[in-house]
$ cat upload24.pdb   # PDB, C-alpha atoms
MODEL        1
ATOM      1  CA  MET M   1       4.273   6.371 -27.044
ATOM      2  CA  ASP M   2       7.323   5.716 -24.960
ATOM      3  CA  THR M   3       6.899   5.686 -21.223
ATOM      4  CA  GLU M   4       7.953   8.437 -18.888
ATOM      5  CA  ALA M   5      11.598   8.607 -17.908
ATOM      6  CA  ASP M   6      12.795   8.795 -14.326
ATOM      7  CA  GLY M   7      14.294  12.116 -13.309
ATOM      8  CA  PRO M   8      18.084  12.154 -13.673
ATOM      9  CA  GLU M   9      20.316  12.510 -10.672
ATOM     10  CA  VAL M  10      22.259  15.659  -9.921
ATOM     11  CA  ASN M  11      25.905  15.701  -8.938
ATOM     12  CA  GLY M  12      27.100  19.094  -7.723
ATOM     13  CA  THR M  13      26.417  21.617 -10.472
ATOM     14  CA  GLU M  14      25.895  18.896 -13.079
ATOM     15  CA  ALA M  15      22.390  18.299 -14.448
ATOM     16  CA  ALA M  16      21.277  16.307 -17.470
ATOM     17  CA  ASP M  17      18.220  18.482 -18.053
ATOM     18  CA  GLY M  18      19.522  21.791 -19.370
ATOM     19  CA  ALA M  19      21.453  23.471 -16.568
ATOM     20  CA  GLU M  20      22.012  26.435 -18.897
ATOM     21  CA  GLN M  21      18.459  27.629 -18.240
ATOM     22  CA  TRP M  22      19.499  28.468 -14.674
ATOM     23  CA  ALA M  23      22.570  30.477 -15.717
ATOM     24  CA  GLY M  24      20.986  33.707 -14.527
ATOM     25  CA  ILE M  25      20.766  32.488 -10.938
ATOM     26  CA  THR M  26      23.723  33.565  -8.827
ATOM     27  CA  PRO M  27      25.780  32.804  -6.837
ATOM     28  CA  ASP M  28      26.817  29.305  -7.831
ATOM     29  CA  ALA M  29      25.499  27.772  -4.608
ATOM     30  CA  ALA M  30      22.020  29.201  -5.208
ATOM     31  CA  ARG M  31      22.039  27.786  -8.734
ATOM     32  CA  ARG M  32      23.154  24.362  -7.496
ATOM     33  CA  LEU M  33      20.281  24.315  -5.035
ATOM     34  CA  VAL M  34      17.737  25.151  -7.739
ATOM     35  CA  ILE M  35      19.042  22.379  -9.987
ATOM     36  CA  ALA M  36      18.996  19.922  -7.081
ATOM     37  CA  ALA M  37      15.441  20.964  -6.180
ATOM     38  CA  VAL M  38      14.238  20.478  -9.765
ATOM     39  CA  HIS M  39      15.371  16.886  -9.795
ATOM     40  CA  ALA M  40      14.189  16.148  -6.271
ATOM     41  CA  PHE M  41      10.719  17.592  -6.918
ATOM     42  CA  ALA M  42      10.442  15.771 -10.262
ATOM     43  CA  GLU M  43      11.457  12.459  -8.722
ATOM     44  CA  ARG M  44       9.635  12.552  -5.388
ATOM     45  CA  GLY M  45       7.095  15.348  -5.677
ATOM     46  CA  TYR M  46       7.206  18.652  -3.841
ATOM     47  CA  HIS M  47       5.512  17.515  -0.643
ATOM     48  CA  ALA M  48       7.610  14.356  -0.250
ATOM     49  CA  THR M  49      10.880  16.252  -0.737
ATOM     50  CA  THR M  50      12.669  17.723   2.272
ATOM     51  CA  THR M  51      15.165  20.559   2.394
ATOM     52  CA  ARG M  52      17.687  17.965   3.575
ATOM     53  CA  ASP M  53      17.076  15.990   0.357
ATOM     54  CA  ILE M  54      17.725  19.093  -1.735
ATOM     55  CA  ALA M  55      20.826  20.162   0.161
ATOM     56  CA  GLY M  56      22.261  16.645  -0.046
ATOM     57  CA  ARG M  57      21.797  16.518  -3.810
ATOM     58  CA  ALA M  58      23.578  19.854  -4.098
ATOM     59  CA  GLY M  59      26.464  18.624  -1.934
ATOM     60  CA  MET M  60      25.646  21.140   0.784
ATOM     61  CA  SER M  61      24.485  21.116   4.391
ATOM     62  CA  PRO M  62      20.804  21.845   5.199
ATOM     63  CA  ALA M  63      21.915  24.992   7.039
ATOM     64  CA  ALA M  64      23.634  26.268   3.893
ATOM     65  CA  LEU M  65      20.357  26.062   1.963
ATOM     66  CA  TYR M  66      18.730  28.671   4.189
ATOM     67  CA  ILE M  67      21.442  31.195   3.360
ATOM     68  CA  HIS M  68      19.999  31.391  -0.159
ATOM     69  CA  TYR M  69      16.343  30.341   0.216
ATOM     70  CA  LYS M  70      14.191  30.929   3.270
ATOM     71  CA  THR M  71      11.817  28.044   2.520
ATOM     72  CA  LYS M  72      11.339  25.073   0.247
ATOM     73  CA  GLU M  73       8.427  26.942  -1.323
ATOM     74  CA  GLU M  74      10.752  29.779  -2.310
ATOM     75  CA  LEU M  75      12.809  27.280  -4.298
ATOM     76  CA  LEU M  76       9.689  26.022  -6.064
ATOM     77  CA  TYR M  77       8.657  29.594  -6.840
ATOM     78  CA  ARG M  78      12.067  30.374  -8.346
ATOM     79  CA  ILE M  79      11.872  27.267 -10.529
ATOM     80  CA  SER M  80       8.295  27.998 -11.585
ATOM     81  CA  SER M  81       9.006  31.655 -12.333
ATOM     82  CA  VAL M  82      12.042  30.931 -14.502
ATOM     83  CA  GLY M  83      10.279  28.079 -16.306
ATOM     84  CA  HIS M  84       7.114  30.014 -17.060
ATOM     85  CA  ARG M  85       9.012  33.073 -18.275
ATOM     86  CA  LEU M  86      11.060  30.893 -20.613
ATOM     87  CA  ALA M  87       7.881  29.250 -21.904
ATOM     88  CA  LEU M  88       6.209  32.629 -22.400
ATOM     89  CA  GLY M  89       9.212  33.895 -24.351
ATOM     90  CA  ILE M  90       9.116  30.853 -26.615
ATOM     91  CA  VAL M  91       5.429  31.277 -27.428
ATOM     92  CA  ARG M  92       5.665  35.053 -27.860
ATOM     93  CA  ASP M  93       8.612  34.766 -30.244
ATOM     94  CA  ALA M  94       6.597  32.434 -32.445
ATOM     95  CA  ALA M  95       3.411  34.514 -32.176
ATOM     96  CA  ASN M  96       5.295  37.647 -33.232
ATOM     97  CA  GLY M  97       7.304  35.918 -35.937
ATOM     98  CA  GLY M  98       6.897  36.019 -39.675
ATOM     99  CA  GLY M  99       4.419  34.130 -41.798
ATOM    100  CA  GLY M 100       0.692  33.636 -41.635
ATOM    101  CA  PRO M 101      -1.345  32.263 -38.738
ATOM    102  CA  ALA M 102      -0.695  28.630 -39.677
ATOM    103  CA  GLU M 103       3.063  29.126 -39.837
ATOM    104  CA  ARG M 104       3.063  30.997 -36.535
ATOM    105  CA  LEU M 105       0.890  28.403 -34.810
ATOM    106  CA  ALA M 106       3.127  25.599 -36.068
ATOM    107  CA  ALA M 107       6.225  27.474 -34.875
ATOM    108  CA  ALA M 108       4.706  28.097 -31.444
ATOM    109  CA  VAL M 109       3.722  24.462 -30.955
ATOM    110  CA  ARG M 110       7.008  23.158 -32.365
ATOM    111  CA  SER M 111       9.090  25.293 -29.998
ATOM    112  CA  PHE M 112       6.838  24.828 -26.958
ATOM    113  CA  VAL M 113       6.809  21.051 -27.354
ATOM    114  CA  ARG M 114      10.552  20.902 -27.974
ATOM    115  CA  TRP M 115      11.194  22.801 -24.722
ATOM    116  CA  HIS M 116       8.930  20.453 -22.765
ATOM    117  CA  ALA M 117      10.778  17.467 -24.216
ATOM    118  CA  GLU M 118      14.330  18.787 -23.891
ATOM    119  CA  HIS M 119      13.672  20.040 -20.360
ATOM    120  CA  HIS M 120      11.133  17.396 -19.349
ATOM    121  CA  THR M 121      12.367  17.175 -15.747
ATOM    122  CA  THR M 122      12.116  20.927 -15.203
ATOM    123  CA  ALA M 123       8.817  21.096 -17.087
ATOM    124  CA  ARG M 124       7.236  18.408 -14.884
ATOM    125  CA  VAL M 125       7.940  20.558 -11.850
ATOM    126  CA  VAL M 126       6.910  23.804 -13.553
ATOM    127  CA  GLN M 127       3.628  22.394 -14.863
ATOM    128  CA  TYR M 128       2.531  19.909 -12.212
ATOM    129  CA  GLU M 129       3.659  21.307  -8.832
ATOM    130  CA  LEU M 130       1.883  24.639  -9.253
ATOM    131  CA  GLY M 131      -0.607  23.971  -6.465
ATOM    132  CA  ALA M 132       2.129  23.940  -3.811
ATOM    133  CA  LEU M 133       2.970  27.624  -4.327
ATOM    134  CA  ALA M 134       2.052  30.236  -1.733
ATOM    135  CA  GLU M 135      -0.979  32.356  -2.610
ATOM    136  CA  GLU M 136       0.908  35.416  -3.853
ATOM    137  CA  HIS M 137       3.362  33.332  -5.867
ATOM    138  CA  TYR M 138       0.538  31.246  -7.300
ATOM    139  CA  ALA M 139      -1.260  34.397  -8.455
ATOM    140  CA  GLU M 140       1.876  35.657 -10.210
ATOM    141  CA  ILE M 141       2.449  32.369 -12.027
ATOM    142  CA  ILE M 142      -1.195  32.140 -13.051
ATOM    143  CA  GLY M 143      -0.751  35.568 -14.617
ATOM    144  CA  LEU M 144       2.151  34.252 -16.700
ATOM    145  CA  ARG M 145       0.090  31.244 -17.738
ATOM    146  CA  ARG M 146      -2.683  33.556 -18.881
ATOM    147  CA  GLU M 147      -0.183  35.458 -21.015
ATOM    148  CA  ILE M 148       0.916  32.185 -22.632
ATOM    149  CA  ASP M 149      -2.730  31.305 -23.205
ATOM    150  CA  GLY M 150      -3.350  34.745 -24.682
ATOM    151  CA  ALA M 151      -0.459  34.479 -27.146
ATOM    152  CA  VAL M 152      -1.749  31.172 -28.528
ATOM    153  CA  ARG M 153      -5.343  32.392 -28.575
ATOM    154  CA  ALA M 154      -4.298  35.475 -30.548
ATOM    155  CA  ILE M 155      -2.768  33.275 -33.270
ATOM    156  CA  LEU M 156      -5.958  31.216 -33.465
ATOM    157  CA  ASP M 157      -8.077  34.375 -33.608
ATOM    158  CA  ASP M 158      -5.939  35.685 -36.470
ATOM    159  CA  GLY M 159      -6.327  32.407 -38.327
ATOM    160  CA  VAL M 160     -10.093  32.341 -37.891
ATOM    161  CA  ALA M 161     -10.385  35.968 -39.045
ATOM    162  CA  ALA M 162      -8.271  35.200 -42.116
ATOM    163  CA  GLY M 163     -10.293  32.091 -42.946
ATOM    164  CA  VAL M 164      -7.223  29.878 -42.447
ATOM    165  CA  PHE M 165      -8.557  28.022 -39.385
ATOM    166  CA  ASP M 166     -11.922  26.380 -38.801
ATOM    167  CA  VAL M 167     -12.178  26.727 -35.010
ATOM    168  CA  PRO M 168     -15.704  27.238 -33.595
ATOM    169  CA  ASP M 169     -14.412  27.520 -30.003
ATOM    170  CA  VAL M 170     -11.119  29.422 -29.868
ATOM    171  CA  SER M 171     -10.870  29.444 -26.068
ATOM    172  CA  GLY M 172     -11.489  25.703 -25.787
ATOM    173  CA  THR M 173      -9.085  24.957 -28.618
ATOM    174  CA  THR M 174      -6.395  27.078 -26.945
ATOM    175  CA  VAL M 175      -6.720  25.019 -23.771
ATOM    176  CA  ALA M 176      -6.558  21.798 -25.788
ATOM    177  CA  VAL M 177      -3.444  22.914 -27.695
ATOM    178  CA  LEU M 178      -1.555  23.950 -24.574
ATOM    179  CA  SER M 179      -2.616  20.824 -22.663
ATOM    180  CA  LEU M 180      -1.368  18.649 -25.513
ATOM    181  CA  CYS M 181       2.006  20.406 -25.533
ATOM    182  CA  ILE M 182       2.458  20.424 -21.755
ATOM    183  CA  ASP M 183       1.711  16.699 -21.450
ATOM    184  CA  VAL M 184       4.918  15.939 -23.364
ATOM    185  CA  ALA M 185       6.854  16.640 -20.148
ATOM    186  CA  ARG M 186       4.975  13.820 -18.430
ATOM    187  CA  TRP M 187       5.785  11.017 -20.863
ATOM    188  CA  PHE M 188       8.879  12.057 -22.816
ATOM    189  CA  ASN M 189      11.778   9.613 -22.584
ATOM    190  CA  PRO M 190      15.147  10.776 -23.961
ATOM    191  CA  ALA M 191      15.975   7.137 -24.709
ATOM    192  CA  GLY M 192      12.787   6.739 -26.738
ATOM    193  CA  ARG M 193      12.200   6.562 -30.481
ATOM    194  CA  ARG M 194      11.662  10.280 -31.136
ATOM    195  CA  THR M 195      13.903  13.272 -30.547
ATOM    196  CA  PRO M 196      12.509  16.540 -29.133
ATOM    197  CA  ASP M 197      12.598  18.019 -32.644
ATOM    198  CA  GLU M 198      10.665  15.076 -34.064
ATOM    199  CA  VAL M 199       8.037  15.308 -31.331
ATOM    200  CA  GLY M 200       7.749  19.036 -32.012
ATOM    201  CA  GLU M 201       7.128  18.429 -35.718
ATOM    202  CA  LEU M 202       4.575  15.717 -34.960
ATOM    203  CA  TYR M 203       2.627  17.926 -32.563
ATOM    204  CA  ALA M 204       2.754  20.952 -34.862
ATOM    205  CA  ASP M 205       1.115  18.839 -37.557
ATOM    206  CA  LEU M 206      -1.488  17.496 -35.112
ATOM    207  CA  VAL M 207      -2.416  20.988 -33.930
ATOM    208  CA  LEU M 208      -2.739  22.329 -37.475
ATOM    209  CA  ARG M 209      -5.074  19.441 -38.262
ATOM    210  CA  MET M 210      -7.031  20.259 -35.083
ATOM    211  CA  ALA M 211      -7.369  23.836 -36.302
ATOM    212  CA  GLY M 212      -8.463  22.739 -39.787
ATOM    213  CA  ALA M 213      -5.490  24.395 -41.478
ATOM    214  CA  ASP M 214      -5.640  22.236 -44.649
ATOM    215  CA  GLY M 215      -1.904  21.612 -44.763
ATOM    216  CA  ALA M 216      -0.770  25.229 -44.425
ATOM    217  CA  GLY M 217       2.306  25.613 -42.281
ATOM    218  CA  ARG M 218       3.092  21.901 -42.190
ATOM    219  CA  PRO M 219       6.642  20.745 -42.869
TER
ENDMDL
END

$ encode --input "upload24.pdb" --output "C-alpha coordinates"
Amino acid sequence: MDTEADGPEVNGTEAADGAEQWAGITPDAARRLVIAAVHAFAERGYHATTTRDIAGRAGMSPAALYIHYKTKEELLYRISSVGHRLALGIVRDAANGGGGPAERLAAAVRSFVRWHAEHHTTARVVQYELGALAEEHYAEIIGLRREIDGAVRAILDDGVAAGVFDVPDVSGTTVAVLSLCIDVARWFNPAGRRTPDEVGELYADLVLRMAGADGAGRP
(Lines of atoms letter the chains of each structure in order from A and count residues from 1; the text may use other names and numbers.)
(Lines give C-alpha, C1' and ligand atoms only; values in the text may rest on other atoms or scores of the structure.)
Protein backbone atom coordinates (compact mmCIF):
# COMPACT_ATOMS: atom_id res chain seq x y z
CA MET A 1 0.00 0.00 0.00
CA ASP A 2 1.00 3.61 -0.27
CA THR A 3 3.21 5.00 2.43
CA GLU A 4 2.08 7.27 5.22
CA ALA A 5 1.67 10.94 4.43
CA ASP A 6 3.25 13.70 6.47
CA GLY A 7 0.83 15.78 8.51
CA PRO A 8 -0.26 18.93 6.67
CA GLU A 9 0.63 22.34 7.97
CA VAL A 10 -1.90 24.66 9.54
CA ASN A 11 -2.21 28.33 8.68
CA GLY A 12 -4.51 30.24 11.02
CA THR A 13 -7.90 28.55 10.95
CA GLU A 14 -7.07 26.63 7.78
CA ALA A 15 -6.57 22.86 7.98
CA ALA A 16 -6.42 20.28 5.21
CA ASP A 17 -7.79 17.51 7.41
CA GLY A 18 -11.46 18.30 7.94
CA ALA A 19 -11.67 21.46 10.02
CA GLU A 20 -15.46 21.10 9.97
CA GLN A 21 -15.24 18.40 12.64
CA TRP A 22 -14.15 21.07 15.13
CA ALA A 23 -17.03 23.44 14.31
CA GLY A 24 -18.59 22.89 17.72
CA ILE A 25 -15.56 24.29 19.53
CA THR A 26 -15.91 27.98 20.35
CA PRO A 27 -14.65 30.66 20.37
CA ASP A 28 -12.65 30.80 17.17
CA ALA A 29 -9.33 31.04 19.00
CA ALA A 30 -10.02 27.83 20.93
CA ARG A 31 -10.86 26.06 17.68
CA ARG A 32 -7.69 27.33 16.00
CA LEU A 33 -5.63 25.98 18.87
CA VAL A 34 -7.23 22.54 18.61
CA ILE A 35 -6.57 22.38 14.87
CA ALA A 36 -2.98 23.51 15.40
CA ALA A 37 -2.50 20.91 18.15
CA VAL A 38 -3.85 18.12 15.93
CA HIS A 39 -1.25 18.79 13.29
CA ALA A 40 1.57 19.36 15.75
CA PHE A 41 0.84 16.14 17.65
CA ALA A 42 0.49 14.16 14.40
CA GLU A 43 3.76 15.50 13.04
CA ARG A 44 5.96 15.49 16.14
CA GLY A 45 4.14 13.36 18.69
CA TYR A 46 2.51 14.61 21.87
CA HIS A 47 5.59 14.55 24.08
CA ALA A 48 7.85 16.30 21.57
CA THR A 49 5.33 19.10 20.98
CA THR A 50 5.43 22.22 23.14
CA THR A 51 2.67 24.70 23.86
CA ARG A 52 4.84 27.25 22.04
CA ASP A 53 4.75 25.02 18.93
CA ILE A 54 0.96 24.86 19.09
CA ALA A 55 0.47 28.57 19.69
CA GLY A 56 2.83 29.43 16.84
CA ARG A 57 0.93 27.23 14.40
CA ALA A 58 -2.29 28.94 15.44
CA GLY A 59 -0.75 32.39 14.95
CA MET A 60 -1.05 33.17 18.65
CA SER A 61 1.24 33.86 21.58
CA PRO A 62 1.94 31.08 24.13
CA ALA A 63 0.21 33.19 26.79
CA ALA A 64 -2.95 33.32 24.68
CA LEU A 65 -3.13 29.51 24.64
CA TYR A 66 -3.60 29.36 28.40
CA ILE A 67 -6.69 31.56 28.19
CA HIS A 68 -8.49 28.64 26.53
CA TYR A 69 -6.61 25.52 27.71
CA LYS A 70 -4.89 25.14 31.06
CA THR A 71 -2.47 22.46 29.84
CA LYS A 72 -1.26 20.71 26.72
CA GLU A 73 -2.97 17.57 28.01
CA GLU A 74 -6.31 19.38 28.04
CA LEU A 75 -5.90 20.03 24.32
CA LEU A 76 -5.18 16.35 23.70
CA TYR A 77 -8.23 15.38 25.74
CA ARG A 78 -10.46 17.72 23.73
CA ILE A 79 -9.16 16.25 20.47
CA SER A 80 -9.52 12.68 21.71
CA SER A 81 -13.02 13.25 23.08
CA VAL A 82 -14.34 14.83 19.89
CA GLY A 83 -12.67 12.19 17.71
CA HIS A 84 -13.93 9.22 19.69
CA ARG A 85 -17.47 10.56 19.89
CA LEU A 86 -17.50 11.06 16.12
CA ALA A 87 -16.20 7.53 15.62
CA LEU A 88 -18.79 6.11 18.01
CA GLY A 89 -21.57 7.92 16.16
CA ILE A 90 -20.39 6.51 12.84
CA VAL A 91 -20.35 2.93 14.11
CA ARG A 92 -23.66 3.25 15.97
CA ASP A 93 -25.42 4.68 12.93
CA ALA A 94 -24.34 1.67 10.89
CA ALA A 95 -25.13 -0.82 13.67
CA ASN A 96 -28.64 0.60 14.02
CA GLY A 97 -29.23 0.93 10.30
CA GLY A 98 -31.31 -1.19 7.99
CA GLY A 99 -30.43 -4.53 6.47
CA GLY A 100 -29.10 -7.76 7.87
CA PRO A 101 -25.93 -8.29 9.89
CA ALA A 102 -23.70 -8.47 6.81
CA GLU A 103 -25.03 -5.21 5.40
CA ARG A 104 -24.68 -3.49 8.76
CA LEU A 105 -21.16 -4.79 9.31
CA ALA A 106 -20.13 -3.66 5.83
CA ALA A 107 -21.66 -0.23 6.44
CA ALA A 108 -19.89 0.12 9.79
CA VAL A 109 -16.50 -0.81 8.37
CA ARG A 110 -16.99 1.29 5.24
CA SER A 111 -17.84 4.41 7.24
CA PHE A 112 -15.26 3.84 9.98
CA VAL A 113 -12.46 3.31 7.47
CA ARG A 114 -13.53 6.29 5.37
CA TRP A 115 -13.37 8.55 8.44
CA HIS A 116 -9.90 7.30 9.33
CA ALA A 117 -8.74 7.98 5.78
CA GLU A 118 -10.41 11.35 5.28
CA HIS A 119 -9.29 12.56 8.71
CA HIS A 120 -6.04 10.59 8.90
CA THR A 121 -4.13 13.36 10.69
CA THR A 122 -6.77 13.71 13.41
CA ALA A 123 -7.21 9.94 13.63
CA ARG A 124 -3.48 9.38 14.20
CA VAL A 125 -3.65 11.61 17.24
CA VAL A 126 -6.96 10.18 18.46
CA GLN A 127 -5.83 6.56 18.12
CA TYR A 128 -2.12 6.65 18.91
CA GLU A 129 -1.60 9.36 21.56
CA LEU A 130 -4.09 7.88 24.02
CA GLY A 131 -1.44 6.97 26.58
CA ALA A 132 -0.55 10.62 27.20
CA LEU A 133 -3.97 11.42 28.69
CA ALA A 134 -4.39 12.07 32.41
CA GLU A 135 -5.89 9.17 34.37
CA GLU A 136 -9.45 10.50 34.54
CA HIS A 137 -9.47 11.52 30.89
CA TYR A 138 -7.97 8.19 29.87
CA ALA A 139 -10.72 6.33 31.73
CA GLU A 140 -13.42 8.35 29.95
CA ILE A 141 -11.94 7.71 26.51
CA ILE A 142 -11.51 4.01 27.23
CA GLY A 143 -15.22 3.95 28.02
CA LEU A 144 -15.99 5.39 24.58
CA ARG A 145 -13.70 2.84 22.96
CA ARG A 146 -15.56 0.07 24.74
CA GLU A 147 -18.83 1.41 23.36
CA ILE A 148 -17.37 1.32 19.84
CA ASP A 149 -16.17 -2.22 20.47
CA GLY A 150 -19.60 -3.17 21.79
CA ALA A 151 -21.42 -1.83 18.72
CA VAL A 152 -19.26 -3.89 16.36
CA ARG A 153 -19.45 -6.96 18.58
CA ALA A 154 -23.25 -6.72 18.63
CA ILE A 155 -23.36 -6.86 14.82
CA LEU A 156 -21.10 -9.92 14.81
CA ASP A 157 -23.23 -11.58 17.50
CA ASP A 158 -26.35 -10.95 15.43
CA GLY A 159 -24.69 -12.45 12.38
CA VAL A 160 -23.54 -15.55 14.24
CA ALA A 161 -27.01 -16.04 15.74
CA ALA A 162 -28.60 -15.71 12.29
CA GLY A 163 -26.12 -18.14 10.73
CA VAL A 164 -24.77 -15.40 8.44
CA PHE A 165 -21.28 -15.27 9.99
CA ASP A 166 -18.88 -18.08 10.84
CA VAL A 167 -16.98 -16.48 13.73
CA PRO A 168 -15.80 -18.86 16.50
CA ASP A 169 -14.31 -16.00 18.56
CA VAL A 170 -16.50 -12.89 18.39
CA SER A 171 -14.45 -10.86 20.88
CA GLY A 172 -11.16 -11.59 19.10
CA THR A 173 -12.69 -10.89 15.71
CA THR A 174 -14.06 -7.56 16.97
CA VAL A 175 -10.57 -6.51 18.03
CA ALA A 176 -9.16 -7.60 14.67
CA VAL A 177 -11.82 -5.68 12.71
CA LEU A 178 -11.33 -2.45 14.65
CA SER A 179 -7.53 -2.74 14.54
CA LEU A 180 -7.67 -3.18 10.77
CA CYS A 181 -9.84 -0.09 10.37
CA ILE A 182 -7.85 2.10 12.76
CA ASP A 183 -4.54 1.28 11.06
CA VAL A 184 -5.72 3.12 7.94
CA ALA A 185 -4.92 6.40 9.72
CA ARG A 186 -1.29 5.33 10.01
CA TRP A 187 -0.59 4.65 6.33
CA PHE A 188 -3.21 6.52 4.31
CA ASN A 189 -1.79 8.96 1.78
CA PRO A 190 -4.25 11.36 0.10
CA ALA A 191 -1.95 11.43 -2.93
CA GLY A 192 -2.04 7.64 -3.19
CA ARG A 193 -3.86 5.33 -5.60
CA ARG A 194 -7.07 4.86 -3.59
CA THR A 195 -9.64 7.36 -2.36
CA PRO A 196 -11.14 7.08 1.14
CA ASP A 197 -14.30 5.62 -0.40
CA GLU A 198 -12.31 3.01 -2.30
CA VAL A 199 -10.38 2.02 0.82
CA GLY A 200 -13.67 1.76 2.70
CA GLU A 201 -15.11 -0.60 0.08
CA LEU A 202 -11.95 -2.70 0.07
CA TYR A 203 -11.93 -3.09 3.84
CA ALA A 204 -15.66 -3.81 4.03
CA ASP A 205 -15.11 -6.70 1.63
CA LEU A 206 -12.09 -7.94 3.60
CA VAL A 207 -14.00 -7.90 6.89
CA LEU A 208 -16.98 -9.75 5.41
CA ARG A 209 -14.59 -12.41 4.15
CA MET A 210 -13.02 -12.55 7.63
CA ALA A 211 -16.48 -13.12 9.08
CA GLY A 212 -17.31 -15.83 6.52
CA ALA A 213 -20.25 -13.88 5.09
CA ASP A 214 -20.26 -15.70 1.71
CA GLY A 215 -20.67 -12.53 -0.33
CA ALA A 216 -23.62 -11.07 1.58
CA GLY A 217 -23.43 -7.33 1.96
CA ARG A 218 -20.59 -6.91 -0.53
CA PRO A 219 -20.85 -4.22 -3.19

$ closest_residue --input "upload24.pdb" --among "M:Val91, M:Ile25, M:Val109, M:Ala134" --to "Glu73 in chain M" --atoms "all atoms listed in the file"
M:Ala134

$ atom_distance --input "upload24.pdb" --atom1 "CA of Tyr77 in chain M" --atom2 "CA of Pro190 in chain M"
26.3 Å

$ resolve_selection --input "upload24.pdb" --expression "the PyMOL selection byres ((chain M and resi 113) around 8)" --output "PyMOL selection string"
chain M and resi 109-112+114-117+181-182+184+196+199-200+203

$ write_last_selection --input "upload24.pdb" --atoms "C-alpha atoms" --output "mmCIF file, keeping the file's coordinate frame"
data_model
loop_
_atom_site.group_PDB
_atom_site.id
_atom_site.type_symbol
_atom_site.label_atom_id
_atom_site.label_comp_id
_atom_site.auth_asym_id
_atom_site.auth_seq_id
_atom_site.Cartn_x
_atom_site.Cartn_y
_atom_site.Cartn_z
ATOM 1 C CA VAL M 109 3.722 24.462 -30.955
ATOM 2 C CA ARG M 110 7.008 23.158 -32.365
ATOM 3 C CA SER M 111 9.090 25.293 -29.998
ATOM 4 C CA PHE M 112 6.838 24.828 -26.958
ATOM 5 C CA ARG M 114 10.552 20.902 -27.974
ATOM 6 C CA TRP M 115 11.194 22.801 -24.722
ATOM 7 C CA HIS M 116 8.930 20.453 -22.765
ATOM 8 C CA ALA M 117 10.778 17.467 -24.216
ATOM 9 C CA CYS M 181 2.006 20.406 -25.533
ATOM 10 C CA ILE M 182 2.458 20.424 -21.755
ATOM 11 C CA VAL M 184 4.918 15.939 -23.364
ATOM 12 C CA PRO M 196 12.509 16.540 -29.133
ATOM 13 C CA VAL M 199 8.037 15.308 -31.331
ATOM 14 C CA GLY M 200 7.749 19.036 -32.012
ATOM 15 C CA TYR M 203 2.627 17.926 -32.563
#

$ closest_residue --input "upload24.pdb" --among "M:Ser179, M:Ser81, M:Thr26, M:Thr50" --to "His68 in chain M" --atoms "only C-alpha atoms"
M:Thr26

$ resolve_selection --input "upload24.pdb" --expression "the PyMOL selection byres ((chain M and resi 149) around 10)" --output "VMD selection string"
chain M and resid 88 91 143 to 148 150 to 154 171 174 to 175 177 to 178

$ closest_residue --input "upload24.pdb" --among "M:Thr122, M:Gly89, M:His47, M:Val164" --to "Val34 in chain M" --atoms "all atoms listed in the file"
M:Thr122

$ atom_distance --input "upload24.pdb" --atom1 "CA of Phe188 in chain M" --atom2 "CA of Leu133 in chain M"
24.9 Å

$ closest_residue --input "upload24.pdb" --among "M:Arg186, M:His119, M:His137, M:Lys70" --to "Glu20 in chain M" --atoms "only C-alpha atoms"
M:His119
